[in-house]
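A short worksheet on the structure shown next.
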Amino acid sequence: MTSAAAPTHPARLISMAVLAVALLGFAAINLFYDFKPAVDKNDALAIQLNQAAALPKLQRLDRFMALRQRQEALLAENPIEPYAWMRLSYLRQNTGESRPSAFDALRFADKIAQPDNVGGMERILMWHDYADIHTDADKDREVQMWRKAYRGDWDNLYNVIAAHHLHHVFDMAIEGDPELLAKLNKTRKH
């Protein structure tokens, strides 16, 4: 018994052609679209945020509200910018948004910061500031962040820990890893 190939239906050919054109369009966007304009705008927003932080309280709040709206719009243009999500977290926190909403932005920054660990110490310190609303997974993530910082011998790690009075938090994170604890104990003996 021989089987003959089923004839190709014209509607199927048309849908395959449409799919091929769509995939080609997405590939072209991926190859040729540049996030540079959004990156430049994000850089300018970061400078404006630093300037706004020095303003008197009422002016600062008004400026932060406007910057938050601009940051949200920029994230619609380029949603894969970890620093922009960190800024959004900060702006949400400082403009009266709920802490969970602000922490959600920081969580997203953390997800897209991997594996390069964009924002490093700043992100860990921000993360720790939300300890009052951490889930067990968030607590575990903070421990992993401290361990990564220690494994990487990050510049000024000890200075940051001391400046923010986080010795106990750091020590607890390291104590759970025998290899890192041995390294820490050896460092402290010298």
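Every chain in the structure tokens takes a letter, A first, then B, and so on in the order presented; its residues are numbered from 1, and the ligands are numbered from 1 following the presented order.
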
Discussion item. I'd like the contact shell of region 123-125 of chain A - 7 Å cut-off, only C-alpha atoms, skipping same-chain residues fewer than 3 positions apart - returned as a list in words.
Written reply: Gly119, Gly120, His128, Asp129, Glu142 and Met145 of chain A

Practice prompt. List every residue of region 14-145 of chain A that DSSP, applied to the backbone of this structure, assigns to helix (DSSP H, G or I), and report them as a ChimeraX atom specification.
Written response: /A:14-32,36-53,57-77,82-93,99-113,120-129,131-133,136-145

May I have a table of the residues of region 88-138 of chain A lying at most 10 Å from region 57-77 of chain A, giving each one's closest pair of atoms and their distance in Å to one decimal, counting only C-alpha atoms, ordered by chain and ascending residue number, as CSV?
```
residue,atom,partner,partner_atom,distance
A:Leu88,CA,A:Arg68,CA,6.3
A:Ser89,CA,A:Arg68,CA,9.2
A:Tyr90,CA,A:Arg68,CA,9.0
A:Leu91,CA,A:Arg68,CA,5.7
A:Arg92,CA,A:Arg68,CA,7.0
A:Asn94,CA,A:Phe64,CA,7.4
A:Thr95,CA,A:Met65,CA,6.1
A:Gly96,CA,A:Leu61,CA,9.3
```

Kindly export the residues of the current selection with N, CA, C and O atoms, as a CSV table (one decimal), in the first residue's frame.
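Final output, saved to again-v6.csv:
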```csv
chain,number,residue,atom,x,y,z
A,88,LEU,N,12.5,53.2,39.1
A,88,LEU,CA,11.1,53.2,39.2
A,88,LEU,C,10.7,52.7,40.6
A,88,LEU,O,9.8,53.3,41.3
A,89,SER,N,11.4,51.8,41.2
A,89,SER,CA,11.2,51.3,42.5
A,89,SER,C,11.4,52.5,43.5
A,89,SER,O,10.5,52.7,44.4
A,90,TYR,N,12.5,53.1,43.4
A,90,TYR,CA,12.8,54.3,44.2
A,90,TYR,C,11.7,55.4,44.1
A,90,TYR,O,11.3,55.9,45.1
A,91,LEU,N,11.4,55.7,42.9
A,91,LEU,CA,10.4,56.7,42.6
A,91,LEU,C,9.0,56.3,43.2
A,91,LEU,O,8.3,57.2,43.8
A,92,ARG,N,8.6,55.1,43.0
A,92,ARG,CA,7.3,54.6,43.6
A,92,ARG,C,7.4,54.8,45.1
A,92,ARG,O,6.4,55.3,45.7
A,94,ASN,N,9.1,56.8,46.9
A,94,ASN,CA,9.2,58.2,47.3
A,94,ASN,C,8.1,59.1,46.8
A,94,ASN,O,8.1,60.3,47.0
A,95,THR,N,7.1,58.5,46.2
A,95,THR,CA,5.9,59.3,45.7
A,95,THR,C,4.6,58.7,46.3
A,95,THR,O,3.5,59.1,45.8
A,96,GLY,N,4.7,57.9,47.3
A,96,GLY,CA,3.5,57.5,48.0
A,96,GLY,C,2.9,56.2,47.4
A,96,GLY,O,1.8,55.8,47.9
```

Practice prompt. For Met86 (chain A), work out the shell of residues within 8 Å, counting only C-alpha atoms and skipping chain neighbours fewer than 6 positions away, then give it as a VMD selection string.
Written response: chain A and resid 105 to 106 109 123

Item to complete: May I have the residues within 12 Å of Gln144 (chain A) as a ChimeraX atom specification, using only C-alpha atoms and disregarding those fewer than 2 positions away in the same chain?
Response: /A:110,117,120,124,127,137-142,146-151,169-170,172-177,180

Go ahead and write the selection's residues with N, CA and C atoms as a PDB file, in the first residue's frame.
```pdb
ATOM      1  N   ASP A 110      15.825  42.893  39.505  1.00  0.00           N
ATOM      2  CA  ASP A 110      16.693  41.792  39.903  1.00  0.00           C
ATOM      3  C   ASP A 110      16.632  40.655  38.893  1.00  0.00           C
ATOM      4  N   ASN A 117      24.565  40.855  37.008  1.00  0.00           N
ATOM      5  CA  ASN A 117      24.429  41.455  38.320  1.00  0.00           C
ATOM      6  C   ASN A 117      24.460  42.980  38.282  1.00  0.00           C
ATOM      7  N   GLY A 120      24.443  45.706  41.370  1.00  0.00           N
ATOM      8  CA  GLY A 120      25.102  45.074  42.495  1.00  0.00           C
ATOM      9  C   GLY A 120      24.733  45.534  43.895  1.00  0.00           C
ATOM     10  N   ILE A 124      21.246  45.313  46.278  1.00  0.00           N
ATOM     11  CA  ILE A 124      21.178  44.566  47.547  1.00  0.00           C
ATOM     12  C   ILE A 124      20.663  45.475  48.664  1.00  0.00           C
ATOM     13  N   TRP A 127      17.059  46.084  48.204  1.00  0.00           N
ATOM     14  CA  TRP A 127      16.336  44.850  48.518  1.00  0.00           C
ATOM     15  C   TRP A 127      16.170  44.723  50.029  1.00  0.00           C
ATOM     16  N   ALA A 137      10.916  33.481  49.793  1.00  0.00           N
ATOM     17  CA  ALA A 137      11.744  33.487  48.572  1.00  0.00           C
ATOM     18  C   ALA A 137      12.568  34.771  48.480  1.00  0.00           C
ATOM     19  N   ASP A 138      11.977  35.894  48.874  1.00  0.00           N
ATOM     20  CA  ASP A 138      12.706  37.168  48.848  1.00  0.00           C
ATOM     21  C   ASP A 138      13.862  37.146  49.854  1.00  0.00           C
ATOM     22  N   LYS A 139      13.621  36.553  51.023  1.00  0.00           N
ATOM     23  CA  LYS A 139      14.680  36.435  52.034  1.00  0.00           C
ATOM     24  C   LYS A 139      15.817  35.571  51.506  1.00  0.00           C
ATOM     25  N   ASP A 140      15.461  34.463  50.875  1.00  0.00           N
ATOM     26  CA  ASP A 140      16.479  33.585  50.293  1.00  0.00           C
ATOM     27  C   ASP A 140      17.255  34.311  49.196  1.00  0.00           C
ATOM     28  N   ARG A 141      16.558  35.105  48.414  1.00  0.00           N
ATOM     29  CA  ARG A 141      17.234  35.846  47.338  1.00  0.00           C
ATOM     30  C   ARG A 141      18.244  36.836  47.924  1.00  0.00           C
ATOM     31  N   GLU A 142      17.884  37.506  49.024  1.00  0.00           N
ATOM     32  CA  GLU A 142      18.822  38.442  49.630  1.00  0.00           C
ATOM     33  C   GLU A 142      20.078  37.715  50.113  1.00  0.00           C
ATOM     34  N   TRP A 146      23.992  38.542  48.948  1.00  0.00           N
ATOM     35  CA  TRP A 146      25.135  38.794  49.827  1.00  0.00           C
ATOM     36  C   TRP A 146      26.259  37.796  49.547  1.00  0.00           C
ATOM     37  N   ARG A 147      25.902  36.550  49.339  1.00  0.00           N
ATOM     38  CA  ARG A 147      26.919  35.535  49.054  1.00  0.00           C
ATOM     39  C   ARG A 147      27.621  35.817  47.730  1.00  0.00           C
ATOM     40  N   LYS A 148      26.858  36.228  46.743  1.00  0.00           N
ATOM     41  CA  LYS A 148      27.473  36.550  45.448  1.00  0.00           C
ATOM     42  C   LYS A 148      28.436  37.722  45.597  1.00  0.00           C
ATOM     43  N   ALA A 149      28.049  38.703  46.369  1.00  0.00           N
ATOM     44  CA  ALA A 149      28.917  39.863  46.593  1.00  0.00           C
ATOM     45  C   ALA A 149      30.210  39.426  47.272  1.00  0.00           C
ATOM     46  N   TYR A 150      30.095  38.557  48.248  1.00  0.00           N
ATOM     47  CA  TYR A 150      31.284  38.096  48.970  1.00  0.00           C
ATOM     48  C   TYR A 150      32.163  37.218  48.086  1.00  0.00           C
ATOM     49  N   ARG A 151      31.548  36.310  47.346  1.00  0.00           N
ATOM     50  CA  ARG A 151      32.323  35.453  46.433  1.00  0.00           C
ATOM     51  C   ARG A 151      33.075  36.298  45.406  1.00  0.00           C
ATOM     52  N   VAL A 169      23.319  41.015  59.158  1.00  0.00           N
ATOM     53  CA  VAL A 169      22.649  40.486  57.962  1.00  0.00           C
ATOM     54  C   VAL A 169      23.664  39.750  57.088  1.00  0.00           C
ATOM     55  N   PHE A 170      24.807  40.378  56.887  1.00  0.00           N
ATOM     56  CA  PHE A 170      25.871  39.779  56.090  1.00  0.00           C
ATOM     57  C   PHE A 170      26.359  38.482  56.739  1.00  0.00           C
ATOM     58  N   MET A 172      24.857  36.460  58.818  1.00  0.00           N
ATOM     59  CA  MET A 172      23.849  35.398  58.729  1.00  0.00           C
ATOM     60  C   MET A 172      23.825  34.783  57.334  1.00  0.00           C
ATOM     61  N   ALA A 173      23.992  35.606  56.310  1.00  0.00           N
ATOM     62  CA  ALA A 173      24.006  35.083  54.941  1.00  0.00           C
ATOM     63  C   ALA A 173      25.206  34.180  54.716  1.00  0.00           C
ATOM     64  N   ILE A 174      26.343  34.580  55.233  1.00  0.00           N
ATOM     65  CA  ILE A 174      27.570  33.813  55.027  1.00  0.00           C
ATOM     66  C   ILE A 174      27.580  32.541  55.879  1.00  0.00           C
ATOM     67  N   GLU A 175      27.031  32.613  57.083  1.00  0.00           N
ATOM     68  CA  GLU A 175      27.024  31.454  57.983  1.00  0.00           C
ATOM     69  C   GLU A 175      26.336  30.241  57.372  1.00  0.00           C
ATOM     70  N   GLY A 176      25.409  30.445  56.483  1.00  0.00           N
ATOM     71  CA  GLY A 176      24.697  29.326  55.868  1.00  0.00           C
ATOM     72  C   GLY A 176      25.483  28.613  54.786  1.00  0.00           C
ATOM     73  N   ASP A 177      26.670  29.105  54.469  1.00  0.00           N
ATOM     74  CA  ASP A 177      27.495  28.490  53.425  1.00  0.00           C
ATOM     75  C   ASP A 177      28.855  28.145  54.040  1.00  0.00           C
ATOM     76  N   LEU A 180      32.029  29.646  52.365  1.00  0.00           N
ATOM     77  CA  LEU A 180      32.180  31.090  52.548  1.00  0.00           C
ATOM     78  C   LEU A 180      32.479  31.439  54.004  1.00  0.00           C
TER      79      LEU A 180
END
```

Discussion item. Using only C-alpha atoms, can you tell me which of A:Leu19, A:Leu45, A:Phe103, A:Asp155 comes closest to Ala131 (chain A)?
Written reply: A:Phe103

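The interatomic distance for the pair CA of Tyr83 (chain A) and CA of Asp136 (chain A) works out to 24.6 Å.
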